[in-house]
Amino acid sequence: MSSKLKHDASSSIDGTIYQFYIAIDKCFELLDGEKVIIEKYGDVTVSDKYQIEVKQYQEDLTDLHENIWKTIDNWLQNAFDVSHYKNLILLTTQKFGVRSSFKEWNSRNKYERKQILDDIAQKYNQQERKSQSTEKLLNSVLDGTKEGKLLDLLKKFIIFDSSAEDSTCYERIKQKHGKSVLSSNADDYINSLMGYLLSPTVRIGESWEITYQNFTSKVESLVNQFRSRTIIFPKKYATLKVGSDEINQHNEHLFVKKIEDIDYHAVKSKAISEYVRTNYTISQELGKYAIDKKHYNGYEQEIIDTYNPAYNIASRNTDKTNSIKDSKNFYDSITGLAAPPFIHFNDTPKFFRNGLLHGMANDEDKNIVWKLKVDENE
C-alpha cells in the first residue's frame, strides 16, 4: 500500500462521524486476518480487499461533481497502487442528477466508463464559460499518460449513490449490530465502539487500524458489559396463562408421556405450561441478550448433574409396590428445587429450570425419566 492521497477527506465533523459509522459497519464484516484502515490510503480501507471514499453531501451527483472526479484523480496518483484492491468504491449520500451520465455506471465495462468520462469532458470543453479548477481536474483525470492506470481503476470503480445519511446510517448500524445486547443498551454499545475506533489504542499517527482480532475482542468485551448491566431475569412470560388449546397441542409430546408413565395426570398442565413459557422466554426475551449456546448447554448439564444422583438414590429406595408413589415424590422433589442461577441472572425462576428439564425429557437422546428404576431382585 502507499501514502495518503493529495485530496483529503471532508474536514467537517459530520463528514468524519459519517466516515467512522461506515468504518464500524465494515469492521463487523472483517474476516480473520483482515483489518480496516481509516485515513491512511483513503477514507476507509479493508486490507487489500476494497477502498471506500465516503461522502456526505446534500446536492445531486451531477456529471461534473467533484466527488466523482476528485475520487478518480486521487486513485490515479502515483502513490496509489490500484492492483491492491478488488473494488474501488465511492459511497455517497447523494443521488444521481436527473440527467446524470453516471446512472448506469455500475453495469458498464471499463471502456464504456472511459467513454462516459470522455463525453462529459468533451461537452464541458465546448462550453463558453468554464471553471479553471474543473477544467484542470478533468484534464488531470483524462491525461493520456495515465490511460492505462485509468482503465485499470475504472474496471474496479463502483458508485453507491443515495446511501443513508448519518442519523439513518447510525440507526441501521444499531439495528443490524446492536442485537447482541439489550435494546436499551444498544446506543451505549454502538457509541462505545465508536469511541474505541477513535481511541489511541488503534490510532497510528493520523490514521487508525482495526484488526479482526482486536475488534472481535472488543465486541466480546462490550457485549458482556452491556449484557450484564441487567441481572433481573426477564419475567414477561412468567405468569403467562397457557390456554387449553395449547395444552392439548402438547399432550402427545414425549415429556408428557413420561409424566403419564407415573400416573401423575394432575401435574401435566403445569408441566406443559412451564415448557411453553420457557420456550417463549428463550425465543422472545433471552434472544435479546445474544446468549451463546454453550451457556444453555452448561445450564442443562447443571440440571442433569442434580437430577442423576437424585434419581439413583430414589430408585434404590423404592420397590415394586411403592414405585409409582415414590416416582411422584421424586418428580415433586426435583421440580420443587430452587433453580440455580442462569449465567448472570441472580433470580432465575423455577419455571425456567423446569421448562428446560421438560425439554430434555422430550429429547429421546437424553435419559430424563420420572419412573424410578426398580431392582428386579426385590
# chains A, B, ... in the order shown; residues from 1 in each chain; ligands from 1

$ residues_around --residues "A:Leu137" --least-positions-apart "2" --cutoff "9 Å" --atoms "only C-alpha atoms" --output "PyMOL selection string"
chain A and resi 66+69-70+73+132-135+139-142

$ residues_around --residues "A:Thr281" --least-positions-apart "2" --cutoff "9 Å" --atoms "only C-alpha atoms" --output "MDAnalysis selection string"
chainID A and resid 234:238 276:279 283:287 352

$ residues_around --residues "stretch 208-212 of chain A" --least-positions-apart "4" --cutoff "10 Å" --atoms "only C-alpha atoms" --output "PyMOL selection string"
chain A and resi 23-24+27-40+44-47+196-204+216-218

$ write_last_selection --atoms "C-alpha atoms" --output "compact mmCIF listing (two decimals), in the first residue's frame"
# COMPACT_ATOMS: atom_id res chain seq x y z
CA ALA A 23 -15.93 2.00 9.25
CA ILE A 24 -17.82 0.38 12.15
CA CYS A 27 -15.38 -3.84 10.92
CA PHE A 28 -18.27 -6.23 11.54
CA GLU A 29 -17.68 -7.72 8.08
CA LEU A 30 -13.99 -8.45 8.68
CA LEU A 31 -12.66 -11.97 8.28
CA ASP A 32 -9.77 -13.46 10.24
CA GLY A 33 -6.52 -11.77 9.24
CA GLU A 34 -8.19 -8.69 7.74
CA LYS A 35 -8.25 -5.14 9.06
CA VAL A 36 -9.99 -1.82 8.49
CA ILE A 37 -7.69 1.16 7.95
CA ILE A 38 -9.04 4.71 8.23
CA GLU A 39 -7.42 7.84 6.76
CA LYS A 40 -4.20 6.20 5.57
CA VAL A 44 -11.94 3.57 4.68
CA THR A 45 -9.82 0.64 3.51
CA VAL A 46 -10.43 -3.05 4.12
CA SER A 47 -6.98 -4.65 3.92
CA TYR A 196 -12.87 2.52 20.52
CA LEU A 197 -12.29 3.29 16.84
CA LEU A 198 -11.26 6.84 17.74
CA SER A 199 -9.08 5.82 20.69
CA PRO A 200 -5.27 5.99 20.90
CA THR A 201 -5.34 2.19 21.09
CA VAL A 202 -5.97 1.88 17.37
CA ARG A 203 -4.56 5.22 16.19
CA ILE A 204 -1.24 5.17 14.39
CA THR A 216 -13.64 -9.16 17.86
CA SER A 217 -12.11 -8.98 21.33
CA LYS A 218 -13.56 -5.50 21.90

$ select_by_dssp --residues "stretch 62-232 of chain A" --states "strand (DSSP E)" --output "list in words"
Asn87, Leu88, Ile89, Leu90, Leu91, Thr92, Phe157, Ile158, Ile159, Phe160, Arg203, Ile204, Ser207, Trp208, Glu209, Ile210 and Thr211 of chain A

$ atom_distance --atom1 "atom CA of A:Glu300" --atom2 "atom CA of A:Phe255"
15.6 Å

$ atom_distance --atom1 "atom CA of A:His84" --atom2 "atom CA of A:Lys146"
17.6 Å

$ atom_distance --atom1 "atom CA of A:Ile313" --atom2 "atom CA of A:Val369"
14.1 Å
